[in-house]
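Reproduced below: start_37.cif, with mmCIF, C-alpha atoms.
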```cif
data_protein
loop_
_atom_site.label_atom_id
_atom_site.label_comp_id
_atom_site.auth_asym_id
_atom_site.auth_seq_id
_atom_site.Cartn_x
_atom_site.Cartn_y
_atom_site.Cartn_z
CA MET Y 1 0.00 0.00 0.00
CA ASN Y 2 1.20 3.51 -0.75
CA ALA Y 3 1.44 5.90 2.17
CA ALA Y 4 -0.89 8.90 1.88
CA PRO Y 5 0.98 11.95 0.49
CA LYS Y 6 2.19 14.42 3.12
CA PRO Y 7 0.10 17.61 3.50
CA ALA Y 8 3.19 19.68 2.60
CA ASP Y 9 3.55 17.81 -0.69
CA VAL Y 10 -0.14 18.25 -1.44
CA LEU Y 11 0.09 22.02 -0.92
CA ARG Y 12 3.30 22.21 -2.97
CA GLU Y 13 1.46 20.46 -5.80
CA ARG Y 14 -1.53 22.81 -5.45
CA ILE Y 15 0.76 25.85 -5.57
CA CYS Y 16 2.34 24.54 -8.78
CA THR Y 17 -1.04 23.95 -10.42
CA ALA Y 18 -2.43 27.36 -9.44
CA ALA Y 19 0.74 29.12 -10.58
CA SER Y 20 0.76 27.38 -13.98
CA THR Y 21 -2.83 28.43 -14.60
CA LEU Y 22 -1.97 32.05 -13.80
CA PHE Y 23 1.31 32.02 -15.76
CA ILE Y 24 -0.55 30.73 -18.83
CA ARG Y 25 -3.55 33.08 -18.53
CA ARG Y 26 -1.77 36.29 -17.57
CA GLY Y 27 1.81 35.60 -18.56
CA PHE Y 28 4.71 35.03 -16.16
CA GLY Y 29 5.59 38.72 -16.02
CA ALA Y 30 2.11 39.86 -15.04
CA THR Y 31 1.64 37.31 -12.23
CA THR Y 32 2.65 38.16 -8.65
CA MET Y 33 3.21 35.95 -5.59
CA GLN Y 34 0.17 37.72 -4.11
CA ASP Y 35 -1.95 36.53 -7.07
CA ILE Y 36 -0.85 32.94 -6.48
CA ALA Y 37 -1.55 33.14 -2.74
CA ASP Y 38 -4.98 34.66 -3.47
CA ALA Y 39 -5.82 31.94 -5.98
CA LEU Y 40 -5.19 29.32 -3.28
CA GLY Y 41 -6.69 31.29 -0.40
CA ILE Y 42 -3.44 31.09 1.60
CA SER Y 43 -1.28 33.83 3.12
CA ARG Y 44 1.76 35.25 1.36
CA PRO Y 45 4.14 34.13 4.16
CA LYS Y 46 2.83 30.60 3.81
CA LEU Y 47 3.50 30.69 0.06
CA TYR Y 48 7.04 32.07 0.65
CA TYR Y 49 7.67 29.18 3.01
CA TYR Y 50 7.44 26.86 -0.01
CA PHE Y 51 8.98 28.98 -2.78
CA LYS Y 52 11.35 31.94 -2.48
CA ASP Y 53 9.90 33.64 -5.58
CA LYS Y 54 7.76 33.01 -8.66
CA GLY Y 55 10.89 32.15 -10.64
CA GLY Y 56 11.41 29.22 -8.28
CA ILE Y 57 7.87 28.00 -8.99
CA LEU Y 58 8.41 28.30 -12.75
CA GLU Y 59 11.68 26.36 -12.46
CA THR Y 60 10.01 23.56 -10.52
CA LEU Y 61 7.10 23.44 -12.92
CA VAL Y 62 8.96 23.28 -16.17
CA SER Y 63 11.76 20.98 -15.12
CA ASN Y 64 9.30 18.34 -13.89
CA VAL Y 65 7.79 17.33 -17.20
CA PRO Y 66 10.74 16.70 -19.52
CA VAL Y 67 12.82 15.05 -16.79
CA GLU Y 68 9.93 12.77 -15.87
CA ALA Y 69 9.27 12.01 -19.56
CA HIS Y 70 12.89 10.99 -20.00
CA ARG Y 71 12.85 8.87 -16.81
CA ARG Y 72 9.74 7.00 -17.96
CA ALA Y 73 11.21 6.37 -21.42
CA GLN Y 74 14.42 5.01 -19.93
CA ALA Y 75 12.40 2.67 -17.71
CA VAL Y 76 10.58 1.32 -20.78
CA LEU Y 77 13.86 0.78 -22.63
CA ALA Y 78 15.24 -1.06 -19.60
CA SER Y 79 12.33 -3.56 -19.69
CA LYS Y 80 14.12 -6.31 -21.54
CA ASP Y 81 11.09 -8.64 -21.31
CA LEU Y 82 9.20 -6.36 -23.75
CA ASP Y 83 9.75 -6.75 -27.49
CA SER Y 84 10.02 -3.68 -29.72
CA VAL Y 85 6.28 -3.56 -30.45
CA GLN Y 86 5.44 -3.72 -26.75
CA GLN Y 87 8.13 -1.17 -25.94
CA LEU Y 88 6.77 1.30 -28.48
CA ARG Y 89 3.24 0.82 -27.17
CA GLU Y 90 4.49 1.44 -23.64
CA LEU Y 91 6.52 4.51 -24.67
CA ILE Y 92 3.40 6.07 -26.19
CA VAL Y 93 1.11 5.15 -23.28
CA GLN Y 94 3.60 6.46 -20.71
CA HIS Y 95 4.26 9.72 -22.52
CA ALA Y 96 0.61 10.42 -23.34
CA ASP Y 97 -0.27 9.68 -19.71
CA LEU Y 98 2.32 12.18 -18.49
CA ILE Y 99 1.06 14.97 -20.76
CA LEU Y 100 -2.59 14.19 -19.98
CA THR Y 101 -1.79 14.33 -16.26
CA ARG Y 102 0.21 17.57 -16.43
CA PRO Y 103 -1.10 19.51 -19.42
CA LEU Y 104 -0.58 22.93 -17.83
CA GLU Y 105 3.01 22.27 -16.85
CA PHE Y 106 3.70 20.95 -20.32
CA ARG Y 107 2.16 23.97 -22.06
CA LEU Y 108 4.04 26.28 -19.76
CA LEU Y 109 7.36 24.66 -20.61
CA ASP Y 110 6.57 24.91 -24.29
CA MET Y 111 5.67 28.58 -23.90
CA SER Y 112 8.48 29.71 -21.63
CA LEU Y 113 11.51 27.71 -22.75
CA GLU Y 114 13.04 30.81 -24.32
CA HIS Y 115 12.65 32.79 -21.07
CA LEU Y 116 14.33 30.28 -18.76
CA PRO Y 117 17.86 30.46 -17.37
CA LYS Y 118 20.35 28.84 -19.73
CA ALA Y 119 21.16 25.92 -17.41
CA MET Y 120 17.50 24.98 -17.14
CA GLN Y 121 16.97 25.26 -20.88
CA THR Y 122 19.89 22.90 -21.35
CA ARG Y 123 18.50 20.40 -18.84
CA ALA Y 124 15.03 20.45 -20.42
CA GLN Y 125 16.47 20.10 -23.90
CA LYS Y 126 18.69 17.21 -22.86
CA ALA Y 127 15.68 15.41 -21.40
CA LYS Y 128 13.58 16.09 -24.52
CA ARG Y 129 16.43 14.77 -26.62
CA GLY Y 130 16.55 11.63 -24.44
CA LEU Y 131 12.85 11.03 -25.02
CA LEU Y 132 13.26 11.45 -28.77
CA ASP Y 133 16.25 9.09 -28.79
CA ALA Y 134 14.25 6.44 -26.92
CA PHE Y 135 11.40 6.53 -29.46
CA THR Y 136 13.86 6.58 -32.36
CA ALA Y 137 15.85 3.62 -31.00
CA VAL Y 138 12.78 1.43 -30.52
CA ILE Y 139 11.38 2.29 -33.96
CA ARG Y 140 14.76 1.55 -35.56
CA GLU Y 141 15.13 -1.71 -33.62
CA GLY Y 142 11.63 -2.86 -34.59
CA ALA Y 143 12.32 -2.09 -38.24
CA LYS Y 144 15.55 -4.09 -38.10
CA GLU Y 145 13.60 -7.03 -36.69
CA GLY Y 146 11.06 -6.70 -39.51
CA ARG Y 147 8.25 -5.73 -37.12
CA PHE Y 148 7.95 -2.15 -38.41
CA ARG Y 149 7.96 -0.66 -41.88
CA PRO Y 150 11.18 1.03 -42.99
CA VAL Y 151 9.99 4.56 -42.17
CA ASP Y 152 12.21 7.51 -41.27
CA PRO Y 153 12.67 6.67 -37.55
CA ARG Y 154 13.27 10.24 -36.44
CA VAL Y 155 10.25 11.74 -38.19
CA ALA Y 156 8.08 8.86 -36.96
CA ALA Y 157 9.35 9.47 -33.42
CA PHE Y 158 8.53 13.18 -33.67
CA ALA Y 159 5.09 12.34 -35.09
CA MET Y 160 4.29 10.05 -32.15
CA ILE Y 161 5.64 12.41 -29.52
CA GLY Y 162 3.75 15.23 -31.26
CA MET Y 163 0.40 13.47 -31.16
CA CYS Y 164 0.93 12.81 -27.42
CA ASN Y 165 2.08 16.36 -26.68
CA TRP Y 166 -0.84 17.85 -28.58
CA THR Y 167 -3.30 16.32 -26.09
CA ALA Y 168 -2.27 19.23 -23.81
CA ALA Y 169 -4.05 21.52 -26.27
CA TRP Y 170 -7.34 19.65 -26.53
CA PHE Y 171 -8.01 17.03 -23.88
CA GLN Y 172 -10.78 17.89 -21.42
CA GLY Y 173 -10.60 15.74 -18.29
CA ASP Y 174 -14.37 15.96 -17.93
CA GLY Y 175 -15.11 14.92 -21.52
CA ARG Y 176 -16.50 11.72 -22.98
CA LEU Y 177 -13.18 9.85 -22.83
CA ALA Y 178 -10.99 9.05 -19.83
CA ALA Y 179 -7.27 9.85 -20.06
CA ALA Y 180 -6.46 6.13 -20.01
CA GLU Y 181 -8.68 5.56 -23.04
CA VAL Y 182 -6.95 8.35 -24.95
CA CYS Y 183 -3.57 6.77 -24.12
CA GLU Y 184 -4.72 3.43 -25.55
CA ILE Y 185 -6.14 5.01 -28.72
CA LEU Y 186 -2.93 6.96 -29.33
CA ALA Y 187 -0.79 3.86 -28.76
CA ASP Y 188 -2.95 1.97 -31.26
CA LEU Y 189 -2.67 4.76 -33.86
CA GLY Y 190 1.07 5.14 -33.34
CA LEU Y 191 1.75 1.42 -33.65
CA ALA Y 192 -0.50 1.05 -36.69
CA SER Y 193 1.23 3.99 -38.39
CA ILE Y 194 4.44 1.96 -38.75
CA ALA Y 195 3.27 -1.62 -38.25
CA LYS Y 196 4.10 -4.06 -40.95
CA SER Y 197 1.01 -5.95 -41.88
CA ALA Y 198 1.46 -9.37 -43.42
CA LEU Y 199 -0.03 -8.13 -46.68
CA ARG Y 200 2.14 -5.04 -46.83
CA ALA Y 201 5.22 -7.06 -45.94
CA LYS Y 202 7.44 -8.51 -48.58
CA PRO Y 203 7.17 -12.31 -48.78
CA ASN Y 204 9.38 -13.31 -45.87
CA GLY Y 205 9.16 -16.98 -45.24
CA VAL Y 206 7.19 -20.19 -45.24
CA GLN Y 207 5.79 -19.72 -41.75
CA SER Y 208 4.28 -16.29 -42.35
CA SER Y 209 2.82 -17.43 -45.68
CA LEU Y 210 1.20 -20.40 -43.98
CA ARG Y 211 -0.17 -18.10 -41.29
CA MET Y 212 -1.68 -15.92 -43.99
CA LEU Y 213 -3.18 -18.95 -45.76
CA ARG Y 214 -4.69 -20.29 -42.57
CA GLN Y 215 -6.16 -16.85 -41.81
CA GLY Y 216 -7.53 -16.61 -45.35
CA VAL Y 217 -9.20 -20.02 -45.05
CA ALA Y 218 -10.73 -19.09 -41.69
CA ASN Y 219 -12.06 -15.83 -43.11
CA LEU Y 220 -13.47 -17.60 -46.16
CA GLU Y 221 -15.25 -20.16 -43.97
CA ALA Y 222 -16.73 -17.39 -41.84
CA ALA Y 223 -17.82 -15.43 -44.92
CA LEU Y 224 -19.52 -18.47 -46.46
CA GLN Y 225 -21.29 -19.34 -43.23
CA HIS Y 226 -22.77 -15.84 -43.05
CA GLY Y 227 -23.38 -15.60 -46.81
CA MET K 1 2.96 32.71 -64.31
CA ASN K 2 2.52 34.42 -60.97
CA ALA K 3 3.28 38.14 -60.78
CA ALA K 4 6.24 38.98 -58.54
CA PRO K 5 5.04 40.03 -55.06
CA LYS K 6 4.88 43.80 -54.47
CA PRO K 7 7.76 45.28 -52.43
CA ALA K 8 5.25 46.50 -49.82
CA ASP K 9 3.97 42.94 -49.34
CA VAL K 10 7.51 41.63 -49.06
CA LEU K 11 8.35 44.14 -46.33
CA ARG K 12 5.07 43.44 -44.53
CA GLU K 13 5.98 39.77 -44.51
CA ARG K 14 9.51 40.52 -43.25
CA ILE K 15 8.09 42.67 -40.44
CA CYS K 16 5.81 39.81 -39.40
CA THR K 17 8.66 37.30 -39.35
CA ALA K 18 11.02 39.57 -37.40
CA ALA K 19 8.29 40.44 -34.90
CA SER K 20 7.35 36.79 -34.30
CA THR K 21 10.97 35.92 -33.59
CA LEU K 22 11.21 38.75 -31.04
CA PHE K 23 7.80 38.00 -29.48
CA ILE K 24 8.83 34.38 -28.96
CA ARG K 25 12.35 35.10 -27.67
CA ARG K 26 11.60 38.08 -25.42
CA GLY K 27 7.86 37.83 -24.92
CA PHE K 28 5.27 40.18 -26.38
CA GLY K 29 5.39 42.54 -23.38
CA ALA K 30 9.15 43.02 -23.52
CA THR K 31 9.33 43.77 -27.26
CA THR K 32 9.08 47.37 -28.54
CA MET K 33 8.37 48.75 -32.01
CA GLN K 34 11.96 50.09 -31.89
CA ASP K 35 13.27 46.53 -31.40
CA ILE K 36 11.35 45.37 -34.44
CA ALA K 37 12.57 48.28 -36.59
CA ASP K 38 16.16 47.62 -35.41
CA ALA K 39 15.93 43.93 -36.23
CA LEU K 40 15.00 44.83 -39.81
CA GLY K 41 17.32 47.81 -40.15
CA ILE K 42 14.43 50.14 -41.02
CA SER K 43 13.30 53.41 -39.43
CA ARG K 44 10.53 53.56 -36.85
CA PRO K 45 8.33 55.82 -39.05
CA LYS K 46 8.63 53.28 -41.85
CA LEU K 47 7.49 50.52 -39.48
CA TYR K 48 4.56 52.65 -38.25
CA TYR K 49 3.50 53.15 -41.86
CA TYR K 50 2.71 49.43 -41.99
CA PHE K 51 1.44 48.76 -38.46
CA LYS K 52 -0.05 51.20 -35.96
CA ASP K 53 1.39 49.26 -32.99
CA LYS K 54 2.85 45.92 -31.97
CA GLY K 55 -0.63 44.68 -31.08
CA GLY K 56 -1.58 45.13 -34.73
CA ILE K 57 1.39 42.97 -35.77
CA LEU K 58 0.45 40.27 -33.26
CA GLU K 59 -3.13 40.29 -34.53
CA THR K 60 -2.01 39.91 -38.14
CA LEU K 61 0.42 37.17 -37.23
CA VAL K 62 -1.84 34.97 -35.19
CA SER K 63 -4.98 35.28 -37.29
CA ASN K 64 -3.15 34.21 -40.43
CA VAL K 65 -2.41 30.61 -39.51
CA PRO K 66 -5.72 29.19 -38.26
CA VAL K 67 -7.76 31.02 -40.89
CA GLU K 68 -5.46 29.77 -43.65
CA ALA K 69 -5.52 26.24 -42.17
CA HIS K 70 -9.31 26.28 -42.24
CA ARG K 71 -9.40 27.67 -45.80
CA ARG K 72 -7.07 24.92 -47.06
CA ALA K 73 -9.10 22.20 -45.33
CA GLN K 74 -12.32 23.50 -46.87
CA ALA K 75 -10.69 23.48 -50.30
CA VAL K 76 -9.73 19.82 -49.83
CA LEU K 77 -13.26 18.90 -48.74
CA ALA K 78 -14.64 20.69 -51.79
CA SER K 79 -12.52 18.51 -54.13
CA LYS K 80 -15.20 16.03 -55.04
CA ASP K 81 -12.86 14.16 -57.41
CA LEU K 82 -10.81 12.93 -54.44
CA ASP K 83 -11.95 9.86 -52.47
CA SER K 84 -11.70 9.81 -48.67
CA VAL K 85 -8.19 8.32 -48.65
CA GLN K 86 -6.93 10.97 -51.07
CA GLN K 87 -8.73 13.70 -49.14
CA LEU K 88 -7.13 12.65 -45.87
CA ARG K 89 -3.70 12.52 -47.50
CA GLU K 90 -4.26 16.00 -48.89
CA LEU K 91 -5.54 17.37 -45.56
CA ILE K 92 -2.36 16.19 -43.84
CA VAL K 93 -0.03 17.43 -46.59
CA GLN K 94 -1.71 20.84 -46.71
CA HIS K 95 -1.75 21.33 -42.96
CA ALA K 96 1.83 20.11 -42.41
CA ASP K 97 2.96 22.38 -45.24
CA LEU K 98 1.30 25.38 -43.60
CA ILE K 99 2.92 24.75 -40.22
CA LEU K 100 6.30 24.00 -41.79
CA THR K 101 6.09 27.26 -43.75
CA ARG K 102 4.99 29.40 -40.80
CA PRO K 103 6.35 27.72 -37.67
CA LEU K 104 6.97 30.98 -35.79
CA GLU K 105 3.49 32.34 -36.42
CA PHE K 106 2.02 29.03 -35.34
CA ARG K 107 4.04 28.87 -32.12
CA LEU K 108 3.15 32.46 -31.38
CA LEU K 109 -0.56 31.75 -31.72
CA ASP K 110 -0.24 28.73 -29.48
CA MET K 111 1.62 30.81 -26.89
CA SER K 112 -0.47 33.95 -26.92
CA LEU K 113 -4.03 32.77 -27.46
CA GLU K 114 -4.90 33.60 -23.85
CA HIS K 115 -3.58 37.16 -24.22
CA LEU K 116 -5.53 38.08 -27.36
CA PRO K 117 -8.67 40.22 -27.54
CA LYS K 118 -11.79 38.11 -27.12
CA ALA K 119 -13.01 38.59 -30.71
CA MET K 120 -9.73 37.35 -32.11
CA GLN K 121 -9.64 34.36 -29.77
CA THR K 122 -13.10 33.45 -31.00
CA ARG K 123 -12.09 33.77 -34.65
CA ALA K 124 -8.96 31.64 -34.14
CA GLN K 125 -10.91 29.02 -32.21
CA LYS K 126 -13.63 28.87 -34.83
CA ALA K 127 -11.02 28.28 -37.53
CA LYS K 128 -9.27 25.60 -35.45
CA ARG K 129 -12.62 23.96 -34.89
CA GLY K 130 -13.26 24.02 -38.64
CA LEU K 131 -9.93 22.28 -39.28
CA LEU K 132 -10.74 19.61 -36.71
CA ASP K 133 -14.21 19.09 -38.18
CA ALA K 134 -12.73 18.64 -41.67
CA PHE K 135 -10.32 15.91 -40.50
CA THR K 136 -13.06 14.25 -38.43
CA ALA K 137 -15.55 14.25 -41.31
CA VAL K 138 -13.10 12.65 -43.76
CA ILE K 139 -12.01 10.01 -41.25
CA ARG K 140 -15.66 9.21 -40.45
CA GLU K 141 -16.59 9.07 -44.13
CA GLY K 142 -13.68 6.76 -44.97
CA ALA K 143 -14.63 4.44 -42.11
CA LYS K 144 -18.22 4.33 -43.36
CA GLU K 145 -16.94 3.35 -46.80
CA GLY K 146 -14.81 0.63 -45.21
CA ARG K 147 -11.55 2.31 -46.22
CA PHE K 148 -10.50 3.14 -42.64
CA ARG K 149 -10.60 1.19 -39.40
CA PRO K 150 -13.38 2.06 -36.97
CA VAL K 151 -11.22 4.33 -34.80
CA ASP K 152 -12.46 7.21 -32.67
CA PRO K 153 -12.60 9.83 -35.46
CA ARG K 154 -12.10 12.82 -33.18
CA VAL K 155 -9.06 11.46 -31.36
CA ALA K 156 -7.57 10.30 -34.68
CA ALA K 157 -8.14 13.80 -36.09
CA PHE K 158 -6.42 15.41 -33.10
CA ALA K 159 -3.55 12.91 -33.39
CA MET K 160 -2.98 13.80 -37.05
CA ILE K 161 -3.30 17.54 -36.53
CA GLY K 162 -1.00 17.19 -33.51
CA MET K 163 1.76 15.44 -35.43
CA CYS K 164 1.59 18.22 -38.07
CA ASN K 165 1.51 21.02 -35.50
CA TRP K 166 4.43 19.56 -33.60
CA THR K 167 6.72 20.09 -36.60
CA ALA K 168 6.80 23.75 -35.48
CA ALA K 169 8.76 22.57 -32.46
CA TRP K 170 11.40 20.50 -34.24
CA PHE K 171 11.70 21.02 -37.98
CA GLN K 172 14.91 22.72 -39.11
CA GLY K 173 14.58 24.11 -42.61
CA ASP K 174 18.28 23.54 -43.20
CA GLY K 175 18.24 19.93 -42.01
CA ARG K 176 18.58 16.67 -43.91
CA LEU K 177 14.91 16.62 -45.03
CA ALA K 178 13.02 19.16 -47.12
CA ALA K 179 9.65 20.38 -45.85
CA ALA K 180 7.91 18.62 -48.74
CA GLU K 181 9.47 15.30 -47.73
CA VAL K 182 8.29 15.72 -44.15
CA CYS K 183 4.76 16.42 -45.44
CA GLU K 184 4.81 13.16 -47.41
CA ILE K 185 6.14 11.11 -44.49
CA LEU K 186 3.51 12.52 -42.13
CA ALA K 187 0.73 11.85 -44.66
CA ASP K 188 1.97 8.27 -45.00
CA LEU K 189 2.07 7.77 -41.22
CA GLY K 190 -1.34 9.36 -40.71
CA LEU K 191 -2.99 7.27 -43.41
CA ALA K 192 -1.34 4.05 -42.22
CA SER K 193 -2.48 4.74 -38.65
CA ILE K 194 -6.11 4.19 -39.62
CA ALA K 195 -5.84 2.27 -42.90
CA LYS K 196 -7.66 -1.01 -43.03
CA SER K 197 -5.37 -3.83 -43.98
CA ALA K 198 -6.95 -7.07 -45.10
CA LEU K 199 -5.48 -8.98 -42.16
CA ARG K 200 -6.51 -6.47 -39.53
CA ALA K 201 -10.00 -6.29 -40.92
CA LYS K 202 -12.67 -8.60 -39.61
CA PRO K 203 -13.57 -11.35 -42.09
CA ASN K 204 -15.68 -9.36 -44.47
CA GLY K 205 -16.47 -11.40 -47.48
CA VAL K 206 -15.52 -14.04 -49.97
CA GLN K 207 -13.60 -11.68 -52.23
CA SER K 208 -11.22 -10.35 -49.58
CA SER K 209 -10.61 -13.86 -48.24
CA LEU K 210 -9.74 -15.07 -51.73
CA ARG K 211 -7.41 -12.09 -52.16
CA MET K 212 -5.68 -13.07 -48.95
CA LEU K 213 -5.40 -16.71 -50.02
CA ARG K 214 -3.96 -15.78 -53.39
CA GLN K 215 -1.42 -13.48 -51.70
CA GLY K 216 -0.52 -16.23 -49.23
CA VAL K 217 0.06 -18.71 -52.04
CA ALA K 218 2.22 -16.19 -53.92
CA ASN K 219 4.27 -15.50 -50.80
CA LEU K 220 4.69 -19.21 -50.13
CA GLU K 221 5.87 -19.84 -53.68
CA ALA K 222 8.38 -17.00 -53.40
CA ALA K 223 9.60 -18.26 -50.01
CA LEU K 224 10.09 -21.81 -51.31
CA GLN K 225 11.92 -20.60 -54.42
CA HIS K 226 14.39 -18.66 -52.24
CA GLY K 227 14.53 -21.36 -49.58
#
```

Can the structure in the file be given as structure tokens, please?
Amino acid sequence: MNAAPKPADVLRERICTAASTLFIRRGFGATTMQDIADALGISRPKLYYYFKDKGGILETLVSNVPVEAHRRAQAVLASKDLDSVQQLRELIVQHADLILTRPLEFRLLDMSLEHLPKAMQTRAQKAKRGLLDAFTAVIREGAKEGRFRPVDPRVAAFAMIGMCNWTAAWFQGDGRLAAAEVCEILADLGLASIAKSALRAKPNGVQSSLRMLRQGVANLEAALQHG
Amino acid sequence: MNAAPKPADVLRERICTAASTLFIRRGFGATTMQDIADALGISRPKLYYYFKDKGGILETLVSNVPVEAHRRAQAVLASKDLDSVQQLRELIVQHADLILTRPLEFRLLDMSLEHLPKAMQTRAQKAKRGLLDAFTAVIREGAKEGRFRPVDPRVAAFAMIGMCNWTAAWFQGDGRLAAAEVCEILADLGLASIAKSALRAKPNGVQSSLRMLRQGVANLEAALQHG
């Protein structure tokens, strides 16, 4: 069982959420610590106990997402019991889940990257690069194994990361689909976009041809039974 | 033959590009008309001849992209000689091309939507909605015709628009791929993500089963000849 989160952590999280909303709506420059305290209904001294200034909140906010994205991707790559198809599915599900869980933080990073201190920009960019490399490596590996079509691995990686990232711009948590459903749909679309279907594949062996023949016979039987 | 663009239009375009770069790097609030004039090496009066203030430049910049995206999508939908597969390919190519051509304007819109006057927000959102509706309609139509898998049309539309939009974050015009190549790759990935392959499809008739059997036999023959 997980221990319940500490009250201090809960408030820290609430401060980050309230601040990202204000930073996005009003802009970082036009938001004051007083505004953030007001939005939460807490005192300014209490807020200062957690963060020394709004820059500190911004730093916490924007470094969370790319670093966490990179960590998750590395964990997927380390799962040696998954094959390349399963790894790609998991990369998409994990990344979409992160963006769907923290859409404001993600948008804020995207909007304020140019305004951040150099060291933080570098850290965020390194993590983003790590995420891209993970997707690219799995797509390349799967293509080598004949599981994926020979697509441009880097553009395919950007396309998949892009469709996940874009959820931050449209997903409504209270809409008709749950976040977990969106993750599954995106993983399905991403996999299908580069999957090698038996028909698209070049003839590659007796076994796969037999599999296709057996499937064709089964389909024909079903069609004739319903016909 | 197209007439050469008028010098005034060329300068207008250059002002827009220089201003978007500054707005993104420094933020809208921290950029002055003087900065924009300096970036172009023109006088302030000359700049004011084209735009009454920086707000006017921002308005021009950010209304261009979604309105143009919507216009292009409507043109594709109006092409009655294209079937749903060709329409979807064209929607993706056209939209990716727009974002690849105007990445700064697109990023600026994405970053500043919350700061725009209400009327302009509404116009941009209406155009974005129109783009989404166009993708959704074509995906739904293709599924009805049995050309596409029965995916969630709205999520698939967002996924495809997202992978196009995300090019604004990564594409380098001077890189190893031309913009036109990226458009083609994205169209291929988008189409494949929902294309119905014979094997993925549920058994749906005698003809498709026979097609699969014939293909299986051909593959088997090829495999045995090389074996």

For the PyMOL selection byres ((chain Y and resi 163-170) around 10), applied here, can you spell out every residue it catches as a count of residues only? 45

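All C-alpha atoms of chain Y, paired in order with those of chain K and fitted by least squares, deviate by an RMSD of 0.9 Å.
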
Report as an mmCIF file with C-alpha atoms, in the frame of the given file all protein, DNA and RNA residues lying within 8 Å of stretch 23-25 of chain Y, evaluated on only C-alpha atoms, omitting residues in the same chain fewer than 2 positions from it.
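What follows is the written file around17.cif:
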```
data_model
loop_
_atom_site.group_PDB
_atom_site.id
_atom_site.type_symbol
_atom_site.label_atom_id
_atom_site.label_comp_id
_atom_site.auth_asym_id
_atom_site.auth_seq_id
_atom_site.Cartn_x
_atom_site.Cartn_y
_atom_site.Cartn_z
ATOM 1 C CA ALA Y 19 0.740 29.120 -10.580
ATOM 2 C CA SER Y 20 0.760 27.380 -13.980
ATOM 3 C CA THR Y 21 -2.830 28.430 -14.600
ATOM 4 C CA GLY Y 27 1.810 35.600 -18.560
ATOM 5 C CA PHE Y 28 4.710 35.030 -16.160
ATOM 6 C CA GLY Y 29 5.590 38.720 -16.020
ATOM 7 C CA ALA Y 30 2.110 39.860 -15.040
ATOM 8 C CA THR Y 31 1.640 37.310 -12.230
ATOM 9 C CA LEU Y 104 -0.580 22.930 -17.830
ATOM 10 C CA ARG Y 107 2.160 23.970 -22.060
ATOM 11 C CA LEU Y 108 4.040 26.280 -19.760
ATOM 12 C CA GLU K 114 -4.900 33.600 -23.850
ATOM 13 C CA HIS K 115 -3.580 37.160 -24.220
#
```

Given the file shown, enumerate the residues that the PyMOL selection byres ((chain Y and resi 77-86) around 8) captures and present them as a list in words. Ala73, Gln74, Ala75, Val76, Gln87, Leu88, Arg89, Glu90, Ala134, Val138, Ile139, Glu141, Gly142, Arg147 and Leu191 of chain Y

Residue selection dump (C-alpha atoms) as a PDB file, in the frame of the given file:
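As a result, selection_2.pdb now contains:
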```pdb
ATOM      1  CA  ALA Y  73      11.210   6.370 -21.420  1.00  0.00           C
ATOM      2  CA  GLN Y  74      14.420   5.010 -19.930  1.00  0.00           C
ATOM      3  CA  ALA Y  75      12.400   2.670 -17.710  1.00  0.00           C
ATOM      4  CA  VAL Y  76      10.580   1.320 -20.780  1.00  0.00           C
ATOM      5  CA  GLN Y  87       8.130  -1.170 -25.940  1.00  0.00           C
ATOM      6  CA  LEU Y  88       6.770   1.300 -28.480  1.00  0.00           C
ATOM      7  CA  ARG Y  89       3.240   0.820 -27.170  1.00  0.00           C
ATOM      8  CA  GLU Y  90       4.490   1.440 -23.640  1.00  0.00           C
ATOM      9  CA  ALA Y 134      14.250   6.440 -26.920  1.00  0.00           C
ATOM     10  CA  VAL Y 138      12.780   1.430 -30.520  1.00  0.00           C
ATOM     11  CA  ILE Y 139      11.380   2.290 -33.960  1.00  0.00           C
ATOM     12  CA  GLU Y 141      15.130  -1.710 -33.620  1.00  0.00           C
ATOM     13  CA  GLY Y 142      11.630  -2.860 -34.590  1.00  0.00           C
ATOM     14  CA  ARG Y 147       8.250  -5.730 -37.120  1.00  0.00           C
ATOM     15  CA  LEU Y 191       1.750   1.420 -33.650  1.00  0.00           C
TER      16      LEU Y 191
END
```

Have a look at atom CA of K:Leu177 and atom CA of Y:Leu131 and let me know their distance in Å, one decimal. 20.9 Å

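Between K:Arg14 and the residues K:Gln34, K:Leu210, K:Gly41, K:Pro153, the shortest atom-to-atom distance, using all atoms listed in the file, involves K:Gly41.
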
Mind giving me the straight-line distance from atom CA of Y:Ala127 to atom CA of Y:Ser63 in Å, one decimal? 9.3 Å

Of the listed residues Y:Ala192, Y:Arg214, Y:Thr17, Y:Gly175, that which approaches chain K most closely, counting all atoms listed in the file: Y:Ala192
